[in-house]
Structures are given as structure tokens and as C-alpha cells.
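S.K.: So here's my_file-v8.cif, just mmCIF, N, CA and C atoms:
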```
data_upload
loop_
_atom_site.label_atom_id
_atom_site.label_comp_id
_atom_site.auth_asym_id
_atom_site.auth_seq_id
_atom_site.Cartn_x
_atom_site.Cartn_y
_atom_site.Cartn_z
N MET W 1 0.82 -1.18 0.00
CA MET W 1 0.00 0.00 0.00
C MET W 1 0.87 1.25 0.00
N THR W 2 1.98 1.19 0.68
CA THR W 2 2.86 2.35 0.73
C THR W 2 3.33 2.74 -0.66
N ALA W 3 3.57 1.77 -1.52
CA ALA W 3 4.04 2.05 -2.88
C ALA W 3 2.93 2.56 -3.80
N GLY W 4 1.68 2.55 -3.31
CA GLY W 4 0.58 3.06 -4.10
C GLY W 4 -0.04 2.04 -5.04
N HIS W 5 0.25 0.76 -4.85
CA HIS W 5 -0.30 -0.28 -5.72
C HIS W 5 -1.46 -1.02 -5.09
N ALA W 6 -1.90 -0.58 -3.90
CA ALA W 6 -3.02 -1.23 -3.21
C ALA W 6 -3.69 -0.21 -2.29
N PHE W 7 -4.96 -0.46 -2.01
CA PHE W 7 -5.63 0.37 -1.03
C PHE W 7 -6.70 -0.45 -0.33
N ALA W 8 -6.93 -0.12 0.93
CA ALA W 8 -7.89 -0.84 1.76
C ALA W 8 -9.15 -0.02 1.94
N VAL W 9 -10.24 -0.74 2.18
CA VAL W 9 -11.53 -0.13 2.49
C VAL W 9 -12.05 -0.89 3.71
N SER W 10 -12.58 -0.15 4.69
CA SER W 10 -13.10 -0.81 5.89
C SER W 10 -14.55 -0.42 6.11
N LEU W 11 -15.24 -1.25 6.87
CA LEU W 11 -16.62 -1.01 7.27
C LEU W 11 -16.63 -1.07 8.79
N THR W 12 -17.15 -0.02 9.41
CA THR W 12 -17.20 0.02 10.87
C THR W 12 -18.64 0.22 11.33
N ASP W 13 -18.92 -0.24 12.54
CA ASP W 13 -20.20 0.02 13.18
C ASP W 13 -20.25 1.48 13.61
N PRO W 14 -21.44 1.99 13.92
CA PRO W 14 -21.53 3.37 14.40
C PRO W 14 -20.66 3.64 15.62
N ASP W 15 -20.41 2.60 16.43
CA ASP W 15 -19.55 2.80 17.61
C ASP W 15 -18.06 2.72 17.27
N GLY W 16 -17.75 2.52 15.98
CA GLY W 16 -16.35 2.49 15.54
C GLY W 16 -15.73 1.11 15.48
N ALA W 17 -16.46 0.07 15.88
CA ALA W 17 -15.91 -1.29 15.84
C ALA W 17 -15.78 -1.76 14.39
N LEU W 18 -14.65 -2.37 14.09
CA LEU W 18 -14.39 -2.88 12.74
C LEU W 18 -15.32 -4.06 12.46
N THR W 19 -16.08 -3.95 11.37
CA THR W 19 -17.02 -4.98 10.97
C THR W 19 -16.47 -5.81 9.82
N GLY W 20 -15.75 -5.15 8.91
CA GLY W 20 -15.19 -5.84 7.76
C GLY W 20 -14.18 -4.96 7.06
N TRP W 21 -13.37 -5.60 6.21
CA TRP W 21 -12.40 -4.84 5.43
C TRP W 21 -11.95 -5.68 4.25
N GLY W 22 -11.37 -5.01 3.29
CA GLY W 22 -10.81 -5.68 2.12
C GLY W 22 -9.85 -4.73 1.43
N TRP W 23 -9.08 -5.28 0.51
CA TRP W 23 -8.24 -4.39 -0.25
C TRP W 23 -8.04 -4.85 -1.67
N TRP W 24 -7.88 -3.85 -2.53
CA TRP W 24 -7.60 -4.04 -3.95
C TRP W 24 -6.12 -3.87 -4.18
N THR W 25 -5.57 -4.65 -5.08
CA THR W 25 -4.19 -4.45 -5.51
C THR W 25 -4.19 -4.20 -7.01
N GLN W 26 -3.20 -3.46 -7.44
CA GLN W 26 -3.00 -3.22 -8.87
C GLN W 26 -1.76 -3.99 -9.30
N VAL W 27 -1.91 -4.74 -10.36
CA VAL W 27 -0.78 -5.49 -10.88
C VAL W 27 0.21 -4.52 -11.50
N PRO W 28 1.51 -4.64 -11.22
CA PRO W 28 2.47 -3.68 -11.75
C PRO W 28 2.66 -3.72 -13.27
N ASN W 29 2.14 -4.73 -13.94
CA ASN W 29 2.25 -4.82 -15.39
C ASN W 29 1.40 -3.71 -16.03
N PRO W 30 1.98 -2.81 -16.84
CA PRO W 30 1.21 -1.71 -17.42
C PRO W 30 0.08 -2.18 -18.35
N LEU W 31 0.17 -3.38 -18.90
CA LEU W 31 -0.91 -3.89 -19.75
C LEU W 31 -2.16 -4.22 -18.93
N LEU W 32 -2.01 -4.36 -17.62
CA LEU W 32 -3.12 -4.71 -16.74
C LEU W 32 -3.48 -3.57 -15.79
N ALA W 33 -3.00 -2.36 -16.08
CA ALA W 33 -3.16 -1.23 -15.16
C ALA W 33 -4.61 -0.84 -14.94
N GLN W 34 -5.51 -1.18 -15.84
CA GLN W 34 -6.92 -0.82 -15.69
C GLN W 34 -7.65 -1.74 -14.73
N GLY W 35 -7.00 -2.79 -14.27
CA GLY W 35 -7.65 -3.76 -13.39
C GLY W 35 -7.20 -3.68 -11.95
N ARG W 36 -8.03 -4.20 -11.07
CA ARG W 36 -7.69 -4.35 -9.66
C ARG W 36 -8.07 -5.76 -9.25
N TRP W 37 -7.27 -6.33 -8.34
CA TRP W 37 -7.49 -7.67 -7.83
C TRP W 37 -7.93 -7.57 -6.38
N LEU W 38 -9.04 -8.21 -6.04
CA LEU W 38 -9.51 -8.23 -4.66
C LEU W 38 -8.61 -9.19 -3.90
N TYR W 39 -7.71 -8.62 -3.12
CA TYR W 39 -6.70 -9.44 -2.45
C TYR W 39 -7.24 -10.07 -1.17
N ARG W 40 -7.97 -9.33 -0.39
CA ARG W 40 -8.60 -9.85 0.82
C ARG W 40 -9.97 -9.20 0.95
N PHE W 41 -10.91 -9.95 1.52
CA PHE W 41 -12.24 -9.43 1.78
C PHE W 41 -12.80 -10.23 2.95
N MET W 42 -13.10 -9.56 4.05
CA MET W 42 -13.54 -10.26 5.25
C MET W 42 -14.62 -9.48 5.98
N ILE W 43 -15.59 -10.20 6.48
CA ILE W 43 -16.63 -9.66 7.36
C ILE W 43 -16.55 -10.46 8.66
N ASP W 44 -16.68 -9.78 9.78
CA ASP W 44 -16.69 -10.43 11.08
C ASP W 44 -17.71 -11.58 11.03
N PRO W 45 -17.29 -12.82 11.28
CA PRO W 45 -18.21 -13.97 11.19
C PRO W 45 -19.46 -13.80 12.05
N ALA W 46 -19.37 -13.15 13.17
CA ALA W 46 -20.53 -12.95 14.04
C ALA W 46 -21.54 -11.99 13.43
N ARG W 47 -21.13 -11.25 12.39
CA ARG W 47 -22.01 -10.24 11.79
C ARG W 47 -22.40 -10.59 10.36
N GLN W 48 -22.05 -11.78 9.91
CA GLN W 48 -22.41 -12.18 8.56
C GLN W 48 -23.90 -12.45 8.47
N GLY W 49 -24.44 -12.37 7.24
CA GLY W 49 -25.86 -12.61 7.03
C GLY W 49 -26.72 -11.37 7.21
N ARG W 50 -26.11 -10.21 7.32
CA ARG W 50 -26.85 -8.95 7.52
C ARG W 50 -26.64 -7.98 6.37
N HIS W 51 -26.20 -8.48 5.23
CA HIS W 51 -25.93 -7.68 4.02
C HIS W 51 -24.75 -6.73 4.19
N LEU W 52 -23.93 -6.95 5.22
CA LEU W 52 -22.77 -6.09 5.43
C LEU W 52 -21.70 -6.35 4.37
N GLY W 53 -21.58 -7.59 3.93
CA GLY W 53 -20.62 -7.92 2.88
C GLY W 53 -20.96 -7.19 1.59
N ALA W 54 -22.25 -7.20 1.22
CA ALA W 54 -22.67 -6.50 0.00
C ALA W 54 -22.45 -5.00 0.15
N THR W 55 -22.69 -4.47 1.34
CA THR W 55 -22.47 -3.04 1.58
C THR W 55 -21.00 -2.69 1.44
N LEU W 56 -20.14 -3.50 2.07
CA LEU W 56 -18.71 -3.24 1.98
C LEU W 56 -18.21 -3.38 0.54
N LEU W 57 -18.66 -4.43 -0.15
CA LEU W 57 -18.19 -4.63 -1.52
C LEU W 57 -18.66 -3.51 -2.44
N ALA W 58 -19.86 -3.00 -2.24
CA ALA W 58 -20.33 -1.85 -3.03
C ALA W 58 -19.42 -0.64 -2.80
N GLY W 59 -19.04 -0.42 -1.55
CA GLY W 59 -18.11 0.67 -1.26
C GLY W 59 -16.75 0.44 -1.88
N MET W 60 -16.30 -0.81 -1.89
CA MET W 60 -15.01 -1.12 -2.49
C MET W 60 -15.03 -0.93 -4.00
N ILE W 61 -16.15 -1.28 -4.63
CA ILE W 61 -16.27 -1.08 -6.08
C ILE W 61 -16.24 0.41 -6.39
N GLY W 62 -16.93 1.20 -5.58
CA GLY W 62 -16.89 2.64 -5.76
C GLY W 62 -15.49 3.21 -5.59
N ALA W 63 -14.77 2.72 -4.60
CA ALA W 63 -13.39 3.17 -4.38
C ALA W 63 -12.50 2.78 -5.55
N ALA W 64 -12.70 1.58 -6.09
CA ALA W 64 -11.91 1.15 -7.25
C ALA W 64 -12.21 2.03 -8.46
N ARG W 65 -13.47 2.40 -8.64
CA ARG W 65 -13.85 3.29 -9.74
C ARG W 65 -13.13 4.63 -9.59
N ARG W 66 -13.15 5.19 -8.39
CA ARG W 66 -12.47 6.48 -8.15
C ARG W 66 -10.97 6.36 -8.35
N ASP W 67 -10.43 5.16 -8.18
CA ASP W 67 -9.00 4.92 -8.38
C ASP W 67 -8.66 4.70 -9.86
N GLY W 68 -9.66 4.72 -10.73
CA GLY W 68 -9.41 4.56 -12.16
C GLY W 68 -9.55 3.15 -12.69
N ALA W 69 -10.00 2.22 -11.86
CA ALA W 69 -10.16 0.84 -12.31
C ALA W 69 -11.31 0.71 -13.29
N GLU W 70 -11.16 -0.21 -14.21
CA GLU W 70 -12.22 -0.55 -15.16
C GLU W 70 -12.67 -2.00 -15.01
N LEU W 71 -11.77 -2.86 -14.57
CA LEU W 71 -12.04 -4.29 -14.46
C LEU W 71 -11.62 -4.76 -13.08
N LEU W 72 -12.48 -5.56 -12.44
CA LEU W 72 -12.20 -6.09 -11.10
C LEU W 72 -12.14 -7.61 -11.18
N GLU W 73 -11.17 -8.19 -10.49
CA GLU W 73 -11.01 -9.64 -10.47
C GLU W 73 -10.86 -10.11 -9.03
N LEU W 74 -11.23 -11.36 -8.80
CA LEU W 74 -11.06 -11.97 -7.49
C LEU W 74 -10.95 -13.47 -7.65
N GLY W 75 -10.45 -14.11 -6.63
CA GLY W 75 -10.35 -15.56 -6.61
C GLY W 75 -10.86 -16.10 -5.29
N TYR W 76 -11.41 -17.30 -5.32
CA TYR W 76 -11.85 -17.96 -4.10
C TYR W 76 -11.75 -19.46 -4.31
N ARG W 77 -11.86 -20.20 -3.22
CA ARG W 77 -11.85 -21.66 -3.34
C ARG W 77 -13.27 -22.19 -3.28
N SER W 78 -13.54 -23.20 -4.08
CA SER W 78 -14.87 -23.79 -4.12
C SER W 78 -15.23 -24.39 -2.76
N GLY W 79 -16.52 -24.59 -2.57
CA GLY W 79 -16.98 -25.19 -1.33
C GLY W 79 -17.25 -24.19 -0.23
N SER W 80 -17.03 -22.92 -0.50
CA SER W 80 -17.21 -21.89 0.52
C SER W 80 -18.54 -21.16 0.38
N GLY W 81 -19.24 -21.32 -0.74
CA GLY W 81 -20.47 -20.59 -1.00
C GLY W 81 -20.25 -19.17 -1.47
N LEU W 82 -19.00 -18.78 -1.65
CA LEU W 82 -18.71 -17.40 -2.03
C LEU W 82 -19.10 -17.06 -3.46
N GLY W 83 -19.10 -18.05 -4.34
CA GLY W 83 -19.45 -17.78 -5.74
C GLY W 83 -20.83 -17.17 -5.88
N ASP W 84 -21.80 -17.68 -5.12
CA ASP W 84 -23.16 -17.12 -5.16
C ASP W 84 -23.18 -15.69 -4.66
N PHE W 85 -22.44 -15.42 -3.58
CA PHE W 85 -22.38 -14.06 -3.03
C PHE W 85 -21.81 -13.09 -4.07
N TYR W 86 -20.66 -13.43 -4.65
CA TYR W 86 -20.04 -12.53 -5.62
C TYR W 86 -20.90 -12.38 -6.87
N ALA W 87 -21.59 -13.43 -7.28
CA ALA W 87 -22.47 -13.34 -8.46
C ALA W 87 -23.61 -12.36 -8.20
N ARG W 88 -24.12 -12.31 -6.98
CA ARG W 88 -25.21 -11.38 -6.66
C ARG W 88 -24.78 -9.92 -6.80
N VAL W 89 -23.49 -9.65 -6.72
CA VAL W 89 -23.01 -8.27 -6.87
C VAL W 89 -22.34 -8.04 -8.22
N GLY W 90 -22.63 -8.93 -9.18
CA GLY W 90 -22.22 -8.69 -10.56
C GLY W 90 -20.99 -9.39 -11.07
N PHE W 91 -20.32 -10.18 -10.25
CA PHE W 91 -19.15 -10.91 -10.73
C PHE W 91 -19.59 -12.17 -11.46
N VAL W 92 -18.84 -12.56 -12.49
CA VAL W 92 -19.11 -13.79 -13.22
C VAL W 92 -17.86 -14.66 -13.21
N GLU W 93 -18.07 -15.96 -13.19
CA GLU W 93 -16.94 -16.88 -13.21
C GLU W 93 -16.27 -16.83 -14.58
N VAL W 94 -14.96 -16.64 -14.60
CA VAL W 94 -14.21 -16.59 -15.85
C VAL W 94 -13.11 -17.66 -15.92
N GLY W 95 -12.92 -18.39 -14.84
CA GLY W 95 -11.91 -19.44 -14.86
C GLY W 95 -12.01 -20.33 -13.63
N ARG W 96 -11.58 -21.58 -13.81
CA ARG W 96 -11.63 -22.54 -12.71
C ARG W 96 -10.56 -23.60 -12.95
N ILE W 97 -9.77 -23.86 -11.94
CA ILE W 97 -8.78 -24.94 -12.00
C ILE W 97 -9.21 -26.00 -10.99
N PRO W 98 -9.73 -27.12 -11.47
CA PRO W 98 -10.22 -28.16 -10.56
C PRO W 98 -9.13 -28.71 -9.66
N GLY W 99 -9.42 -28.80 -8.38
CA GLY W 99 -8.52 -29.43 -7.42
C GLY W 99 -7.20 -28.72 -7.18
N ALA W 100 -7.10 -27.45 -7.51
CA ALA W 100 -5.83 -26.73 -7.41
C ALA W 100 -5.46 -26.35 -5.97
N ILE W 101 -6.43 -26.30 -5.09
CA ILE W 101 -6.17 -25.86 -3.71
C ILE W 101 -6.30 -27.05 -2.77
N ARG W 102 -5.24 -27.31 -2.01
CA ARG W 102 -5.28 -28.39 -1.03
C ARG W 102 -5.56 -27.77 0.33
N VAL W 103 -6.78 -27.97 0.84
CA VAL W 103 -7.18 -27.43 2.14
C VAL W 103 -6.62 -28.29 3.26
N GLY W 104 -6.54 -29.57 3.02
CA GLY W 104 -6.02 -30.51 4.00
C GLY W 104 -5.79 -31.84 3.31
N PRO W 105 -5.31 -32.83 4.05
CA PRO W 105 -5.07 -34.15 3.45
C PRO W 105 -6.33 -34.69 2.78
N GLY W 106 -6.25 -34.92 1.48
CA GLY W 106 -7.36 -35.47 0.72
C GLY W 106 -8.50 -34.49 0.46
N ASP W 107 -8.35 -33.23 0.83
CA ASP W 107 -9.40 -32.23 0.64
C ASP W 107 -8.92 -31.17 -0.36
N PHE W 108 -9.29 -31.39 -1.62
CA PHE W 108 -8.89 -30.49 -2.69
C PHE W 108 -10.10 -29.68 -3.15
N ARG W 109 -9.88 -28.41 -3.42
CA ARG W 109 -10.94 -27.51 -3.89
C ARG W 109 -10.52 -26.87 -5.20
N ASP W 110 -11.50 -26.38 -5.93
CA ASP W 110 -11.21 -25.67 -7.18
C ASP W 110 -10.75 -24.26 -6.86
N ASP W 111 -9.82 -23.76 -7.65
CA ASP W 111 -9.40 -22.36 -7.61
C ASP W 111 -10.25 -21.63 -8.65
N VAL W 112 -11.13 -20.74 -8.19
CA VAL W 112 -12.11 -20.09 -9.05
C VAL W 112 -11.76 -18.60 -9.21
N THR W 113 -11.81 -18.11 -10.43
CA THR W 113 -11.59 -16.70 -10.72
C THR W 113 -12.89 -16.10 -11.23
N MET W 114 -13.23 -14.92 -10.69
CA MET W 114 -14.42 -14.19 -11.12
C MET W 114 -14.00 -12.76 -11.49
N ALA W 115 -14.80 -12.12 -12.32
CA ALA W 115 -14.49 -10.75 -12.74
C ALA W 115 -15.78 -9.99 -13.00
N ARG W 116 -15.66 -8.67 -13.02
CA ARG W 116 -16.76 -7.80 -13.42
C ARG W 116 -16.19 -6.47 -13.85
N ARG W 117 -16.89 -5.79 -14.71
CA ARG W 117 -16.53 -4.43 -15.09
C ARG W 117 -17.02 -3.50 -13.99
N VAL W 118 -16.25 -2.47 -13.71
CA VAL W 118 -16.63 -1.53 -12.66
C VAL W 118 -17.96 -0.87 -12.98
N ASP W 119 -18.20 -0.57 -14.25
CA ASP W 119 -19.44 0.10 -14.62
C ASP W 119 -20.63 -0.85 -14.75
N GLY W 120 -20.41 -2.14 -14.51
CA GLY W 120 -21.49 -3.12 -14.56
C GLY W 120 -21.82 -3.65 -15.94
N SER W 121 -21.15 -3.14 -16.98
CA SER W 121 -21.41 -3.65 -18.33
C SER W 121 -20.91 -5.09 -18.44
N PRO W 122 -21.48 -5.86 -19.37
CA PRO W 122 -21.10 -7.27 -19.47
C PRO W 122 -19.67 -7.46 -19.96
N LEU W 123 -19.07 -8.54 -19.52
CA LEU W 123 -17.76 -8.95 -20.02
C LEU W 123 -17.97 -9.55 -21.40
N VAL W 124 -17.16 -9.15 -22.36
CA VAL W 124 -17.30 -9.65 -23.73
C VAL W 124 -15.93 -10.15 -24.19
N TYR W 125 -15.88 -11.40 -24.60
CA TYR W 125 -14.64 -11.98 -25.10
C TYR W 125 -14.33 -11.36 -26.47
N ASP W 126 -13.05 -11.14 -26.75
CA ASP W 126 -12.70 -10.53 -28.03
C ASP W 126 -12.69 -11.54 -29.18
N GLY W 127 -12.79 -12.84 -28.89
CA GLY W 127 -12.91 -13.85 -29.92
C GLY W 127 -11.60 -14.30 -30.54
N ARG W 128 -10.49 -13.70 -30.14
CA ARG W 128 -9.18 -14.11 -30.70
C ARG W 128 -8.63 -15.31 -29.94
N HIS W 129 -7.92 -16.15 -30.67
CA HIS W 129 -7.27 -17.33 -30.05
C HIS W 129 -5.79 -17.21 -30.17
#
```
Can you give me the file's structure in the form of C-alpha cells?
M.R.:
Amino acid sequence: MTAGHAFAVSLTDPDGALTGWGWWTQVPNPLLAQGRWLYRFMIDPARQGRHLGATLLAGMIGAARRDGAELLELGYRSGSGLGDFYARVGFVEVGRIPGAIRVGPGDFRDDVTMARRVDGSPLVYDGRH
């Protein structure tokens, strides 16, 4: 963050208690400068299920827009239920590597990548191979 390639956004209760936080990173490759990667995103487990995640993520998308981002990407492991959450806020699955994440002995999960345009317009493949 000190180098200016990442920024954090937090959500606090009216009393100032931290409820959730996340941060975007910018890849140093100039060809990818229009994008941001959701590096971390967390809501206090005791406060989940109250739409706080959607509220925080909406604020994070707004912050990314103000930072000049056009495309947002994130990754998660399958089996967590996160894909449905991110889809509700406009992200679509764009890649999946089956069994790429080893959570524990014999417990492999898919590595899933999702993306969305900051302005909400649909992702369109350019058709080139």
C-alpha cells in the first residue's frame, strides 16, 4: 500500500468497531493497469448474514472506480459458498482450476476466478485465439 499499488476499504459500526475490510491491488504490469485484484475481503463472522458484505463490496467497487479501475477480479476456493455471493453483486466466473487448492489431506478444492466491469457492463470476449 505504501508504494501506491493497493488500497484498503473498511466497514465500521456506528460505535467504531471494525465490521469488515478488504483491499484491492493493482498489478504492476502496465498492460493490466486498468484492473484491480480483490486481495482480501472479510466480514466479522458474528455479523455475517446482515448484508454487510454486500455493503462493503459496493463501497469497495466505488473506491476502485475512483482509483481509475475498469475491471475487477477476485479468486476464491470452491466449497465456501462465495461464488453465489459474488455473483449477486455482478461478478461472473471466468476461470476454474479443478482441485488446485489443497485445504487438508485429501481435501482439494477448485481455484475459481471471477471478474466484473466496474461500470457493470457485461464482459465480452474478443474472440481471438
S.K.: Leaving out range 8-15 of chain W and any residue of its chain fewer than 4 positions from it, which residues lie within 8 Å of it when counting all atoms listed in the file, given as a ChimeraX atom specification?
M.R.: /W:1,19-25,52,55-56,59-60,63
S.K.: I'd like to see the residues matched by the PyMOL selection byres (((chain W and resi 32-45 and name CA) around 8) and name CA) on this file, and ideally I'd get them as a VMD selection string.
M.R.: chain W and resid 19 to 31 46 to 48 52 to 53 64 68 to 75
S.K.: Work out how far apart atom N of Ala100 in chain W and CA of Phe85 in chain W are and give it in Å to one decimal.
M.R.: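 It comes out at 20.8 Å.
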S.K.: Apply the PyMOL selection byres ((chain W and resi 86-92) around 5) to the structure shown and report the selected residues as number ranges by chain.
M.R.: W: 82-85, 93-94, 114-116
S.K.: As an exercise, work out the distance from atom N of Ile61 in chain W to atom C of Asp126 in chain W in Å and give it to one decimal place.
M.R.: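 About the pair atom N of Ile61 in chain W and atom C of Asp126 in chain W: they are 26.8 Å apart.
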S.K.: Tell me, as a PyMOL selection string, which residues lie within 6.5 Å of Ile101 in chain W, counting only N, CA and C atoms; anything in the same chain fewer than 4 positions away does not count.
M.R.: chain W and resi 107-111
S.K.: Dump N, CA and C atoms for the selected residues as a PDB file, keeping the file's coordinate frame?
M.R.:
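result_11.pdb written:
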```pdb
ATOM      1  N   ASP W 107      -8.350 -33.230   0.830  1.00  0.00           N
ATOM      2  CA  ASP W 107      -9.400 -32.230   0.640  1.00  0.00           C
ATOM      3  C   ASP W 107      -8.920 -31.170  -0.360  1.00  0.00           C
ATOM      4  N   PHE W 108      -9.290 -31.390  -1.620  1.00  0.00           N
ATOM      5  CA  PHE W 108      -8.890 -30.490  -2.690  1.00  0.00           C
ATOM      6  C   PHE W 108     -10.100 -29.680  -3.150  1.00  0.00           C
ATOM      7  N   ARG W 109      -9.880 -28.410  -3.420  1.00  0.00           N
ATOM      8  CA  ARG W 109     -10.940 -27.510  -3.890  1.00  0.00           C
ATOM      9  C   ARG W 109     -10.520 -26.870  -5.200  1.00  0.00           C
ATOM     10  N   ASP W 110     -11.500 -26.380  -5.930  1.00  0.00           N
ATOM     11  CA  ASP W 110     -11.210 -25.670  -7.180  1.00  0.00           C
ATOM     12  C   ASP W 110     -10.750 -24.260  -6.860  1.00  0.00           C
ATOM     13  N   ASP W 111      -9.820 -23.760  -7.650  1.00  0.00           N
ATOM     14  CA  ASP W 111      -9.400 -22.360  -7.610  1.00  0.00           C
ATOM     15  C   ASP W 111     -10.250 -21.630  -8.650  1.00  0.00           C
TER      16      ASP W 111
END
```
S.K.: Step one, run DSSP on the backbone; step two, keep only residues of range 10-128 of chain W assigned to strand (DSSP E or B); then write them as number ranges by chain.
M.R.: W: 10-12, 18-25, 35-43, 71-77, 92-104, 107-117
S.K.: Go ahead and dump the residues you just picked, N, CA and C atoms, as a short mmCIF file (atom, residue, chain, number, x, y, z; two decimals), in the frame of the given file.
M.R.:
```
data_model
loop_
_atom_site.label_atom_id
_atom_site.label_comp_id
_atom_site.auth_asym_id
_atom_site.auth_seq_id
_atom_site.Cartn_x
_atom_site.Cartn_y
_atom_site.Cartn_z
N SER W 10 -12.58 -0.15 4.69
CA SER W 10 -13.10 -0.81 5.89
C SER W 10 -14.55 -0.42 6.11
N LEU W 11 -15.24 -1.25 6.87
CA LEU W 11 -16.62 -1.01 7.27
C LEU W 11 -16.63 -1.07 8.79
N THR W 12 -17.15 -0.02 9.41
CA THR W 12 -17.20 0.02 10.87
C THR W 12 -18.64 0.22 11.33
N LEU W 18 -14.65 -2.37 14.09
CA LEU W 18 -14.39 -2.88 12.74
C LEU W 18 -15.32 -4.06 12.46
N THR W 19 -16.08 -3.95 11.37
CA THR W 19 -17.02 -4.98 10.97
C THR W 19 -16.47 -5.81 9.82
N GLY W 20 -15.75 -5.15 8.91
CA GLY W 20 -15.19 -5.84 7.76
C GLY W 20 -14.18 -4.96 7.06
N TRP W 21 -13.37 -5.60 6.21
CA TRP W 21 -12.40 -4.84 5.43
C TRP W 21 -11.95 -5.68 4.25
N GLY W 22 -11.37 -5.01 3.29
CA GLY W 22 -10.81 -5.68 2.12
C GLY W 22 -9.85 -4.73 1.43
N TRP W 23 -9.08 -5.28 0.51
CA TRP W 23 -8.24 -4.39 -0.25
C TRP W 23 -8.04 -4.85 -1.67
N TRP W 24 -7.88 -3.85 -2.53
CA TRP W 24 -7.60 -4.04 -3.95
C TRP W 24 -6.12 -3.87 -4.18
N THR W 25 -5.57 -4.65 -5.08
CA THR W 25 -4.19 -4.45 -5.51
C THR W 25 -4.19 -4.20 -7.01
N GLY W 35 -7.00 -2.79 -14.27
CA GLY W 35 -7.65 -3.76 -13.39
C GLY W 35 -7.20 -3.68 -11.95
N ARG W 36 -8.03 -4.20 -11.07
CA ARG W 36 -7.69 -4.35 -9.66
C ARG W 36 -8.07 -5.76 -9.25
N TRP W 37 -7.27 -6.33 -8.34
CA TRP W 37 -7.49 -7.67 -7.83
C TRP W 37 -7.93 -7.57 -6.38
N LEU W 38 -9.04 -8.21 -6.04
CA LEU W 38 -9.51 -8.23 -4.66
C LEU W 38 -8.61 -9.19 -3.90
N TYR W 39 -7.71 -8.62 -3.12
CA TYR W 39 -6.70 -9.44 -2.45
C TYR W 39 -7.24 -10.07 -1.17
N ARG W 40 -7.97 -9.33 -0.39
CA ARG W 40 -8.60 -9.85 0.82
C ARG W 40 -9.97 -9.20 0.95
N PHE W 41 -10.91 -9.95 1.52
CA PHE W 41 -12.24 -9.43 1.78
C PHE W 41 -12.80 -10.23 2.95
N MET W 42 -13.10 -9.56 4.05
CA MET W 42 -13.54 -10.26 5.25
C MET W 42 -14.62 -9.48 5.98
N ILE W 43 -15.59 -10.20 6.48
CA ILE W 43 -16.63 -9.66 7.36
C ILE W 43 -16.55 -10.46 8.66
N LEU W 71 -11.77 -2.86 -14.57
CA LEU W 71 -12.04 -4.29 -14.46
C LEU W 71 -11.62 -4.76 -13.08
N LEU W 72 -12.48 -5.56 -12.44
CA LEU W 72 -12.20 -6.09 -11.10
C LEU W 72 -12.14 -7.61 -11.18
N GLU W 73 -11.17 -8.19 -10.49
CA GLU W 73 -11.01 -9.64 -10.47
C GLU W 73 -10.86 -10.11 -9.03
N LEU W 74 -11.23 -11.36 -8.80
CA LEU W 74 -11.06 -11.97 -7.49
C LEU W 74 -10.95 -13.47 -7.65
N GLY W 75 -10.45 -14.11 -6.63
CA GLY W 75 -10.35 -15.56 -6.61
C GLY W 75 -10.86 -16.10 -5.29
N TYR W 76 -11.41 -17.30 -5.32
CA TYR W 76 -11.85 -17.96 -4.10
C TYR W 76 -11.75 -19.46 -4.31
N ARG W 77 -11.86 -20.20 -3.22
CA ARG W 77 -11.85 -21.66 -3.34
C ARG W 77 -13.27 -22.19 -3.28
N VAL W 92 -18.84 -12.56 -12.49
CA VAL W 92 -19.11 -13.79 -13.22
C VAL W 92 -17.86 -14.66 -13.21
N GLU W 93 -18.07 -15.96 -13.19
CA GLU W 93 -16.94 -16.88 -13.21
C GLU W 93 -16.27 -16.83 -14.58
N VAL W 94 -14.96 -16.64 -14.60
CA VAL W 94 -14.21 -16.59 -15.85
C VAL W 94 -13.11 -17.66 -15.92
N GLY W 95 -12.92 -18.39 -14.84
CA GLY W 95 -11.91 -19.44 -14.86
C GLY W 95 -12.01 -20.33 -13.63
N ARG W 96 -11.58 -21.58 -13.81
CA ARG W 96 -11.63 -22.54 -12.71
C ARG W 96 -10.56 -23.60 -12.95
N ILE W 97 -9.77 -23.86 -11.94
CA ILE W 97 -8.78 -24.94 -12.00
C ILE W 97 -9.21 -26.00 -10.99
N PRO W 98 -9.73 -27.12 -11.47
CA PRO W 98 -10.22 -28.16 -10.56
C PRO W 98 -9.13 -28.71 -9.66
N GLY W 99 -9.42 -28.80 -8.38
CA GLY W 99 -8.52 -29.43 -7.42
C GLY W 99 -7.20 -28.72 -7.18
N ALA W 100 -7.10 -27.45 -7.51
CA ALA W 100 -5.83 -26.73 -7.41
C ALA W 100 -5.46 -26.35 -5.97
N ILE W 101 -6.43 -26.30 -5.09
CA ILE W 101 -6.17 -25.86 -3.71
C ILE W 101 -6.30 -27.05 -2.77
N ARG W 102 -5.24 -27.31 -2.01
CA ARG W 102 -5.28 -28.39 -1.03
C ARG W 102 -5.56 -27.77 0.33
N VAL W 103 -6.78 -27.97 0.84
CA VAL W 103 -7.18 -27.43 2.14
C VAL W 103 -6.62 -28.29 3.26
N GLY W 104 -6.54 -29.57 3.02
CA GLY W 104 -6.02 -30.51 4.00
C GLY W 104 -5.79 -31.84 3.31
N ASP W 107 -8.35 -33.23 0.83
CA ASP W 107 -9.40 -32.23 0.64
C ASP W 107 -8.92 -31.17 -0.36
N PHE W 108 -9.29 -31.39 -1.62
CA PHE W 108 -8.89 -30.49 -2.69
C PHE W 108 -10.10 -29.68 -3.15
N ARG W 109 -9.88 -28.41 -3.42
CA ARG W 109 -10.94 -27.51 -3.89
C ARG W 109 -10.52 -26.87 -5.20
N ASP W 110 -11.50 -26.38 -5.93
CA ASP W 110 -11.21 -25.67 -7.18
C ASP W 110 -10.75 -24.26 -6.86
N ASP W 111 -9.82 -23.76 -7.65
CA ASP W 111 -9.40 -22.36 -7.61
C ASP W 111 -10.25 -21.63 -8.65
N VAL W 112 -11.13 -20.74 -8.19
CA VAL W 112 -12.11 -20.09 -9.05
C VAL W 112 -11.76 -18.60 -9.21
N THR W 113 -11.81 -18.11 -10.43
CA THR W 113 -11.59 -16.70 -10.72
C THR W 113 -12.89 -16.10 -11.23
N MET W 114 -13.23 -14.92 -10.69
CA MET W 114 -14.42 -14.19 -11.12
C MET W 114 -14.00 -12.76 -11.49
N ALA W 115 -14.80 -12.12 -12.32
CA ALA W 115 -14.49 -10.75 -12.74
C ALA W 115 -15.78 -9.99 -13.00
N ARG W 116 -15.66 -8.67 -13.02
CA ARG W 116 -16.76 -7.80 -13.42
C ARG W 116 -16.19 -6.47 -13.85
N ARG W 117 -16.89 -5.79 -14.71
CA ARG W 117 -16.53 -4.43 -15.09
C ARG W 117 -17.02 -3.50 -13.99
#
```
S.K.: Which distance in Å separates atom N of Arg96 in chain W and CA of Arg77 in chain W, to one decimal?
M.R.: 10.5 Å
S.K.: Using all atoms of range 12-28 of chain W that appear in the file, construct an axis-aligned enclosing box with 5 Å of padding on every side and provide its centre coordinates and edge lengths in Å, rounded to one decimal, as lines of an AutoDock Vina configuration file.
M.R.:
```
center_x = -9.4
center_y = -1.1
center_z = 2.2
size_x = 34.2
size_y = 19.5
size_z = 40.9
```
